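S.K.: Sharing run.cif below, mmCIF, C-alpha atoms and all ligand atoms:
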```cif
data_my_file
#
loop_
_atom_site.label_atom_id
_atom_site.label_comp_id
_atom_site.auth_asym_id
_atom_site.auth_seq_id
_atom_site.Cartn_x
_atom_site.Cartn_y
_atom_site.Cartn_z
CA MET A 1 102.72 101.20 123.96
CA TYR A 2 101.45 104.55 125.26
CA LEU A 3 103.94 106.35 123.08
CA ARG A 4 102.66 104.53 120.03
CA PHE A 5 99.09 105.40 120.97
CA PHE A 6 99.87 109.09 121.36
CA SER A 7 101.90 109.33 118.18
CA ARG A 8 98.98 107.74 116.32
CA VAL A 9 96.58 110.25 117.86
CA SER A 10 98.80 113.19 116.95
CA SER A 11 99.17 112.02 113.36
CA VAL A 12 95.38 111.72 113.11
CA MET A 13 94.99 115.19 114.55
CA ALA A 14 97.47 116.52 112.01
CA GLY A 15 94.93 115.71 109.27
CA PRO A 16 95.34 113.85 105.99
CA ARG A 17 98.65 112.37 104.86
CA PRO A 18 100.85 114.84 102.98
CA VAL A 19 102.18 114.03 99.51
CA VAL A 20 105.82 114.46 98.55
CA PHE A 21 106.63 115.09 94.90
CA SER A 22 110.20 114.51 93.89
CA GLY A 23 112.17 113.84 90.73
CA PRO A 24 114.55 115.58 88.33
CA SER A 25 114.25 119.25 87.57
CA GLY A 26 112.14 119.46 84.41
CA ALA A 27 110.34 116.13 84.99
CA GLY A 28 107.00 117.93 85.31
CA LYS A 29 106.43 118.14 89.08
CA SER A 30 105.11 121.72 89.05
CA THR A 31 102.96 121.09 85.97
CA LEU A 32 101.31 118.05 87.57
CA LEU A 33 100.86 119.51 91.03
CA LYS A 34 99.36 122.71 89.63
CA LYS A 35 96.79 120.61 87.78
CA LEU A 36 95.92 118.82 91.05
CA LEU A 37 95.63 122.07 93.00
CA LYS A 38 93.36 123.48 90.30
CA GLU A 39 91.07 120.46 89.91
CA PHE A 40 90.91 119.73 93.65
CA ASP A 41 90.59 123.15 95.17
CA GLY A 42 89.78 122.65 98.87
CA VAL A 43 91.48 119.24 98.96
CA PHE A 44 95.17 119.98 98.37
CA GLY A 45 97.34 122.83 99.64
CA PHE A 46 100.91 123.60 98.59
CA SER A 47 103.76 123.81 101.09
CA VAL A 48 105.46 127.02 99.99
CA SER A 49 109.20 126.47 100.36
CA HIS A 50 111.88 129.06 100.98
CA THR A 51 114.63 129.51 98.42
CA THR A 52 117.62 131.71 97.75
CA ARG A 53 117.16 131.41 93.98
CA LYS A 54 115.79 134.38 92.11
CA PRO A 55 112.13 134.33 91.04
CA ARG A 56 111.44 133.34 87.41
CA PRO A 57 109.13 135.48 85.31
CA GLY A 58 105.57 134.73 86.40
CA GLU A 59 106.52 133.32 89.79
CA GLU A 60 105.03 135.00 92.85
CA ASN A 61 106.62 135.53 96.24
CA GLY A 62 104.63 133.64 98.87
CA LYS A 63 102.88 131.50 96.25
CA ASP A 64 105.58 129.61 94.36
CA TYR A 65 108.30 130.20 96.95
CA HIS A 66 109.29 132.57 99.71
CA TYR A 67 112.31 134.24 98.09
CA VAL A 68 114.91 135.04 100.71
CA SER A 69 118.57 135.96 101.02
CA ARG A 70 121.10 133.29 101.95
CA GLU A 71 121.73 135.18 105.18
CA ASP A 72 118.04 134.99 106.20
CA MET A 73 117.75 131.36 105.17
CA VAL A 74 120.81 130.34 107.20
CA ALA A 75 119.47 132.28 110.20
CA GLY A 76 116.03 130.63 109.89
CA ILE A 77 117.61 127.17 109.77
CA ALA A 78 119.79 127.94 112.80
CA ASN A 79 116.66 129.14 114.58
CA GLY A 80 114.95 125.76 114.09
CA GLU A 81 112.30 127.09 111.69
CA PHE A 82 112.83 124.39 109.03
CA ILE A 83 111.78 120.74 108.82
CA GLU A 84 114.43 120.18 106.16
CA SER A 85 116.68 122.14 103.86
CA ALA A 86 119.11 121.41 101.05
CA GLU A 87 121.50 122.98 98.58
CA PHE A 88 120.42 122.37 94.96
CA SER A 89 122.23 123.66 91.90
CA GLY A 90 123.91 126.48 93.84
CA ASN A 91 120.83 127.64 95.74
CA MET A 92 119.29 126.82 99.10
CA TYR A 93 115.79 125.40 99.44
CA GLY A 94 113.86 124.44 102.54
CA THR A 95 110.49 123.49 103.98
CA SER A 96 109.57 125.60 106.97
CA LYS A 97 107.47 124.20 109.79
CA ALA A 98 105.08 127.12 109.23
CA ALA A 99 104.59 126.22 105.55
CA VAL A 100 103.37 122.73 106.37
CA GLN A 101 101.35 123.86 109.40
CA ALA A 102 99.55 126.50 107.31
CA VAL A 103 98.23 123.78 105.00
CA GLN A 104 97.51 121.18 107.67
CA ALA A 105 95.62 123.72 109.79
CA GLN A 106 93.09 123.89 106.94
CA ASN A 107 92.79 120.09 106.92
CA LEU A 108 94.13 119.94 103.38
CA ILE A 109 96.49 117.37 101.87
CA CYS A 110 99.83 119.11 102.03
CA ILE A 111 101.90 118.85 98.83
CA LEU A 112 105.67 119.16 99.14
CA ASP A 113 107.85 119.58 96.02
CA ILE A 114 111.33 118.65 97.22
CA ASP A 115 114.57 117.18 95.92
CA MET A 116 116.16 113.84 96.81
CA GLN A 117 117.96 115.25 99.86
CA GLY A 118 114.62 116.56 101.10
CA VAL A 119 113.05 113.11 100.66
CA LYS A 120 115.80 111.56 102.76
CA SER A 121 115.34 114.20 105.49
CA ILE A 122 111.54 113.91 105.54
CA LYS A 123 111.87 110.15 106.02
CA LYS A 124 113.48 110.88 109.39
CA THR A 125 110.48 112.95 110.56
CA ASN A 126 106.98 111.86 111.64
CA LEU A 127 105.28 113.58 108.67
CA ASN A 128 104.39 110.19 107.14
CA PRO A 129 103.69 111.35 103.56
CA ILE A 130 102.95 109.41 100.40
CA TYR A 131 106.15 109.58 98.32
CA VAL A 132 105.57 110.20 94.60
CA SER A 133 108.42 110.23 92.11
CA ILE A 134 107.88 112.04 88.83
CA GLN A 135 110.29 110.88 86.16
CA PRO A 136 110.93 111.97 82.56
CA PRO A 137 110.72 109.33 79.81
CA SER A 138 114.44 109.81 79.01
CA MET A 139 117.39 112.16 79.54
CA ASP A 140 116.97 113.44 75.97
CA VAL A 141 113.36 114.41 76.57
CA LEU A 142 114.28 115.97 79.92
CA GLU A 143 116.94 118.15 78.31
CA LYS A 144 114.54 119.22 75.54
CA ARG A 145 111.84 120.17 78.08
CA LEU A 146 114.26 122.08 80.27
CA ARG A 147 115.60 124.00 77.27
CA ALA A 148 112.09 124.71 76.00
CA ARG A 149 111.12 126.06 79.45
CA GLN A 150 113.75 128.78 78.96
CA THR A 151 114.35 129.33 82.66
CA GLU A 152 117.93 128.13 82.96
CA SER A 153 121.34 129.40 81.95
CA GLU A 154 123.59 126.88 80.19
CA GLU A 155 125.47 126.37 83.48
CA SER A 156 122.33 125.83 85.54
CA LEU A 157 120.95 123.47 82.88
CA HIS A 158 124.06 121.29 83.02
CA LYS A 159 124.00 121.16 86.83
CA ARG A 160 120.34 120.11 86.72
CA LEU A 161 120.99 117.40 84.15
CA GLN A 162 123.90 116.01 86.19
CA THR A 163 121.73 115.89 89.31
CA ALA A 164 118.90 114.36 87.27
CA LEU A 165 121.00 111.25 86.62
CA VAL A 166 121.36 110.72 90.37
CA GLU A 167 117.67 111.43 91.04
CA MET A 168 116.64 108.95 88.32
CA GLU A 169 118.78 106.22 89.88
CA PHE A 170 117.43 107.06 93.35
CA SER A 171 113.83 106.56 92.16
CA LYS A 172 114.71 103.00 91.09
CA GLU A 173 115.87 102.02 94.59
CA ALA A 174 113.35 99.66 96.14
CA GLY A 175 111.19 101.24 98.83
CA GLN A 176 112.15 104.87 98.24
CA PHE A 177 108.84 105.86 96.60
CA ASP A 178 105.28 104.61 96.93
CA VAL A 179 104.56 105.52 93.30
CA VAL A 180 106.81 106.25 90.34
CA ILE A 181 105.13 108.06 87.46
CA VAL A 182 106.82 108.46 84.09
CA ASN A 183 105.60 111.75 82.69
CA ASP A 184 105.57 111.03 78.96
CA ASN A 185 102.06 111.98 77.89
CA LEU A 186 100.88 114.64 80.35
CA ASP A 187 97.21 113.57 80.49
CA GLU A 188 98.14 109.94 81.09
CA ALA A 189 100.64 110.87 83.81
CA TYR A 190 98.01 113.05 85.49
CA GLU A 191 95.44 110.22 85.44
CA LYS A 192 97.98 107.88 87.07
CA LEU A 193 98.71 110.49 89.71
CA LYS A 194 95.03 110.97 90.51
CA ALA A 195 94.52 107.20 90.74
CA ALA A 196 97.42 106.93 93.20
CA LEU A 197 95.97 109.67 95.42
CA LEU A 198 92.29 108.78 95.05
CA GLN A 199 91.92 107.21 98.48
CA GLU A 200 93.36 110.27 100.27
CA ILE A 201 91.29 112.65 98.12
CA GLN A 202 88.16 110.71 99.03
CA LYS A 203 89.00 110.89 102.75
CA VAL A 204 89.27 114.67 102.63
CA LYS A 205 86.06 114.97 100.62
CA ASN A 206 84.21 112.80 103.16
CA THR A 207 85.53 114.86 106.09
CA THR A 208 84.48 118.10 104.41
CA LYS A 209 80.98 116.73 103.78
CA ALA A 210 80.54 115.52 107.37
N1 LIG A 301 114.90 119.79 99.81
C1 LIG A 301 114.10 120.69 99.23
N2 LIG A 301 114.06 120.77 97.88
C2 LIG A 301 113.23 121.70 97.35
C3 LIG A 301 112.41 122.55 98.12
N3 LIG A 301 111.70 123.35 97.28
C4 LIG A 301 112.05 122.98 96.05
N4 LIG A 301 112.97 121.99 96.06
C5 LIG A 301 113.59 121.27 94.94
O1 LIG A 301 114.60 122.10 94.40
C6 LIG A 301 114.79 121.73 93.03
C7 LIG A 301 114.87 122.98 92.19
O2 LIG A 301 113.64 123.66 92.21
P1 LIG A 301 113.39 124.89 91.24
O3 LIG A 301 114.53 125.84 91.33
O4 LIG A 301 112.04 125.44 91.51
O5 LIG A 301 113.53 124.27 89.80
P2 LIG A 301 112.66 123.24 88.94
O6 LIG A 301 112.47 121.99 89.76
O7 LIG A 301 113.49 123.01 87.76
O8 LIG A 301 111.35 123.92 88.63
C8 LIG A 301 113.64 120.79 92.68
O9 LIG A 301 114.14 119.46 92.70
C9 LIG A 301 112.66 121.00 93.80
O10 LIG A 301 111.90 119.81 94.05
C10 LIG A 301 112.49 122.41 99.54
O11 LIG A 301 111.83 123.10 100.31
N5 LIG A 301 113.34 121.48 100.02
N1 LIG A 302 104.16 115.50 79.66
C1 LIG A 302 104.75 116.59 79.19
N2 LIG A 302 104.97 116.72 77.88
C2 LIG A 302 105.59 117.81 77.38
N3 LIG A 302 106.04 118.85 78.13
C3 LIG A 302 105.86 118.77 79.45
C4 LIG A 302 105.21 117.65 80.06
N4 LIG A 302 105.16 117.86 81.38
C5 LIG A 302 105.75 119.05 81.62
N5 LIG A 302 106.16 119.60 80.47
C6 LIG A 302 106.89 120.87 80.29
O1 LIG A 302 108.24 120.59 80.70
C7 LIG A 302 108.80 121.70 81.41
C8 LIG A 302 109.24 121.21 82.78
O2 LIG A 302 108.09 120.95 83.58
P1 LIG A 302 107.97 121.50 85.08
O3 LIG A 302 106.59 121.20 85.54
O4 LIG A 302 108.45 122.90 85.15
O5 LIG A 302 109.03 120.52 85.79
P2 LIG A 302 109.61 120.50 87.27
O6 LIG A 302 108.65 121.23 88.14
O7 LIG A 302 109.69 119.05 87.60
O8 LIG A 302 110.96 121.14 87.19
C9 LIG A 302 107.74 122.77 81.46
O9 LIG A 302 107.99 123.73 80.44
C10 LIG A 302 106.43 122.00 81.19
O10 LIG A 302 105.47 122.82 80.55
#
```
Just dump the structure as structure tokens.
M.R.:
Amino acid sequence: MYLRFFSRVSSVMAGPRPVVFSGPSGAGKSTLLKKLLKEFDGVFGFSVSHTTRKPRPGEENGKDYHYVSREDMVAGIANGEFIESAEFSGNMYGTSKAAVQAVQAQNLICILDIDMQGVKSIKKTNLNPIYVSIQPPSMDVLEKRLRARQTESEESLHKRLQTALVEMEFSKEAGQFDVVIVNDNLDEAYEKLKAALLQEIQKVKNTTKA
């Protein structure tokens, strides 16, 4: 009884509910979340993950990811600095406690872009996010978009497509996600995303006004 009371208080103090974005590589997670961050400046904040993968052209250290060596990442995990971490397509990725705290300290809705393993780990924490799955209209379209993005080697592309099949099946499991958005037409997908998050957006706007 008391425990429940205190955990409710601490989740209120932690600010608005975070939002988890997950789905296959190339489904459009970054594209959609960047649109949200741009339109709702002062409402959303991005949880900057750590990764051992190399930066792509145009990506910025500390903005898109914290780019670290495997040695540093392993040490950070052993040191208890991460809420969750996973191996994806030959690289390590992880959400540090500091990354989420930095966003929540500003009373913003914290956006996490994480894979399926991350979703499973976050479900064991008390973060209590809204789980959004971004899905491509088909495997064919996904492959075309990933190729057109020109960020992957042939090997990396194949690994991502293999994993995508599993992530697509996972999104169909009942209860895994609060919202599943098929990103066919970008504008339509974005409108659906905004509609799903409208209530949380409004809460933050009301708090800021008060
Ligand atoms: N578990 C976990 N997954 C992450 C994290 N950061 C990114 N990812 C996921 O790692 C995968 C690969 O990300 P990235 O290399 O940026 O490639 P992209 O998704 O194709 O743009 C995606 O599914 C991301 O959602 C993290 O901190 N934790
Ligand atoms: N609805 C869409 N229609 C066409 N291309 C899209 C759409 N959404 C995203 N893209 C493009 O597909 C590629 C993959 O999107 P991205 O946001 O990088 O995916 P993710 O972050 O899920 O890996 C990018 O080149 C992006 O510009």
S.K.: Could you produce a table of the residues of segment 141-185 of chain A lying within 12 Å of segment 30-44 of chain A, with the nearest pair of atoms per residue and their separation in Å rounded to one decimal, using only C-alpha atoms, ordered by chain and increasing residue number, as CSV?
M.R.:
```
residue,atom,partner,partner_atom,distance
A:Arg145,CA,A:Thr31,CA,11.9
A:Arg149,CA,A:Thr31,CA,11.6
A:Ile181,CA,A:Leu32,CA,10.7
A:Val182,CA,A:Leu32,CA,11.6
A:Asn183,CA,A:Leu32,CA,9.1
A:Asp184,CA,A:Leu32,CA,11.9
A:Asn185,CA,A:Leu32,CA,11.5
```
S.K.: Looking at A:Thr51, A:Gln117, A:Asn107, A:Asn79, which one is nearest to Thr208 of chain A, with distances taken over all atoms listed in the file?
M.R.: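 Between A:Thr51, A:Gln117, A:Asn107, A:Asn79, the residue approaching Thr208 of chain A most closely is A:Asn107.
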S.K.: Residues at most 10 Å from segment 96-98 of chain A, counting all atoms listed in the file, excluding those fewer than 2 positions away in the same chain, as a list in words?
M.R.: Ser47, Val48, Ser49, His50, Gly76, Ile77, Gly80, Glu81, Phe82, Ile83, Glu84, Ser85, Tyr93, Gly94, Val100, Gln101, Ala102, Val103 and Gln104 of chain A
S.K.: For Tyr67 of chain A, work out the shell of residues within 7 Å, counting only C-alpha atoms and skipping chain neighbours fewer than 2 positions away, then give it as an NGL selection string.
M.R.: :A and (50-54 or 61 or 65)
S.K.: Ranking A:Pro136, A:Gly15, A:Gly90, A:Pro24 by minimum distance to ligand LIG 301 (chain A) and counting all atoms listed in the file, which one comes first?
M.R.: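 Of A:Pro136, A:Gly15, A:Gly90, A:Pro24, the one nearest ligand LIG 301 (chain A), counting all atoms listed in the file, is A:Pro24.
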S.K.: Which residue is closest to ligand LIG 302 (chain A)? Choose from A:Gln135, A:Gln106, A:Asn126, A:Ser89 and count all atoms listed in the file.
M.R.: A:Gln135
S.K.: Excluding same-chain residues fewer than 6 positions from segment 130-134 of chain A, what lies within 6 Å of it counting only C-alpha atoms, as a PyMOL selection string?
M.R.: chain A and resi 19-23+177-181
S.K.: Which residue out of A:Met92, A:Thr151, A:Asp187, A:Ala195 has the minimum interatomic distance to Arg56 of chain A when all atoms listed in the file are used?
M.R.: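 Using all atoms listed in the file, Arg56 of chain A sits closest to A:Thr151.
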S.K.: Can you tell me how far atom N2 of ligand LIG 301 (chain A) sits from atom CA of Gly118 of chain A, in Å to one decimal?
M.R.: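 Computing it gives 5.3 Å between the two atoms.
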S.K.: Can you work out the spacing between atom CA of Tyr190 of chain A and atom C6 of ligand LIG 302 (chain A) in Å, to one decimal?
M.R.: 12.9 Å
S.K.: Could you tell me which of A:Val141, A:Leu157, A:Leu197, A:Ala148 comes closest to Ala27 of chain A if we count all atoms listed in the file?
M.R.: A:Val141
S.K.: Choose the residue, out of A:Asp64, A:Glu59, A:Glu71, A:Asp115, that has the smallest atom-to-atom separation from Met168 of chain A; count only C-alpha atoms.
M.R.: A:Asp115
S.K.: Within 9 Å of (99.3, 109.1, 106.6) (coordinates as in the file), grab all the protein and nucleic acid residues, counting all atoms listed in the file, and write them out as a JSON list (two decimals) with C-alpha atoms, keeping the file's coordinate frame.
M.R.:
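Everything below was put into out03.json:
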```
[["chain", "number", "residue", "atom", "x", "y", "z"],
["A", 11, "SER", "CA", 99.17, 112.02, 113.36],
["A", 12, "VAL", "CA", 95.38, 111.72, 113.11],
["A", 15, "GLY", "CA", 94.93, 115.71, 109.27],
["A", 16, "PRO", "CA", 95.34, 113.85, 105.99],
["A", 17, "ARG", "CA", 98.65, 112.37, 104.86],
["A", 18, "PRO", "CA", 100.85, 114.84, 102.98],
["A", 127, "LEU", "CA", 105.28, 113.58, 108.67],
["A", 128, "ASN", "CA", 104.39, 110.19, 107.14],
["A", 129, "PRO", "CA", 103.69, 111.35, 103.56],
["A", 130, "ILE", "CA", 102.95, 109.41, 100.40],
["A", 200, "GLU", "CA", 93.36, 110.27, 100.27]]
```
S.K.: Excluding Ser156 of chain A and its own-chain neighbours fewer than 3 positions away, which residues fall within 12 Å of it when counting only C-alpha atoms? Please give them as a ChimeraX atom specification.
M.R.: /A:25,53,88-91,143,146-147,150-153,159-163
S.K.: Would you write out those residues with C-alpha atoms, as a short mmCIF file (atom, residue, chain, number, x, y, z; two decimals), in the coordinates of the input?
M.R.:
```
data_model
loop_
_atom_site.label_atom_id
_atom_site.label_comp_id
_atom_site.auth_asym_id
_atom_site.auth_seq_id
_atom_site.Cartn_x
_atom_site.Cartn_y
_atom_site.Cartn_z
CA SER A 25 114.25 119.25 87.57
CA ARG A 53 117.16 131.41 93.98
CA PHE A 88 120.42 122.37 94.96
CA SER A 89 122.23 123.66 91.90
CA GLY A 90 123.91 126.48 93.84
CA ASN A 91 120.83 127.64 95.74
CA GLU A 143 116.94 118.15 78.31
CA LEU A 146 114.26 122.08 80.27
CA ARG A 147 115.60 124.00 77.27
CA GLN A 150 113.75 128.78 78.96
CA THR A 151 114.35 129.33 82.66
CA GLU A 152 117.93 128.13 82.96
CA SER A 153 121.34 129.40 81.95
CA LYS A 159 124.00 121.16 86.83
CA ARG A 160 120.34 120.11 86.72
CA LEU A 161 120.99 117.40 84.15
CA GLN A 162 123.90 116.01 86.19
CA THR A 163 121.73 115.89 89.31
#
```
S.K.: So how far away is atom CA of Leu108 of chain A from atom N2 of ligand LIG 301 (chain A), in Å?
M.R.: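 Atom-to-atom, atom N2 of ligand LIG 301 (chain A) and atom CA of Leu108 of chain A are spaced 20.7 Å apart.
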S.K.: Please put the answer as lines of an AutoDock Vina configuration file: centre and edge lengths, in Å with one decimal, of a box along x, y and z that encloses all listed atoms of segment 173-183 of chain A plus 4 Å on each side.
M.R.:
```
center_x = 110.2
center_y = 105.7
center_z = 90.8
size_x = 19.3
size_y = 20.1
size_z = 24.1
```
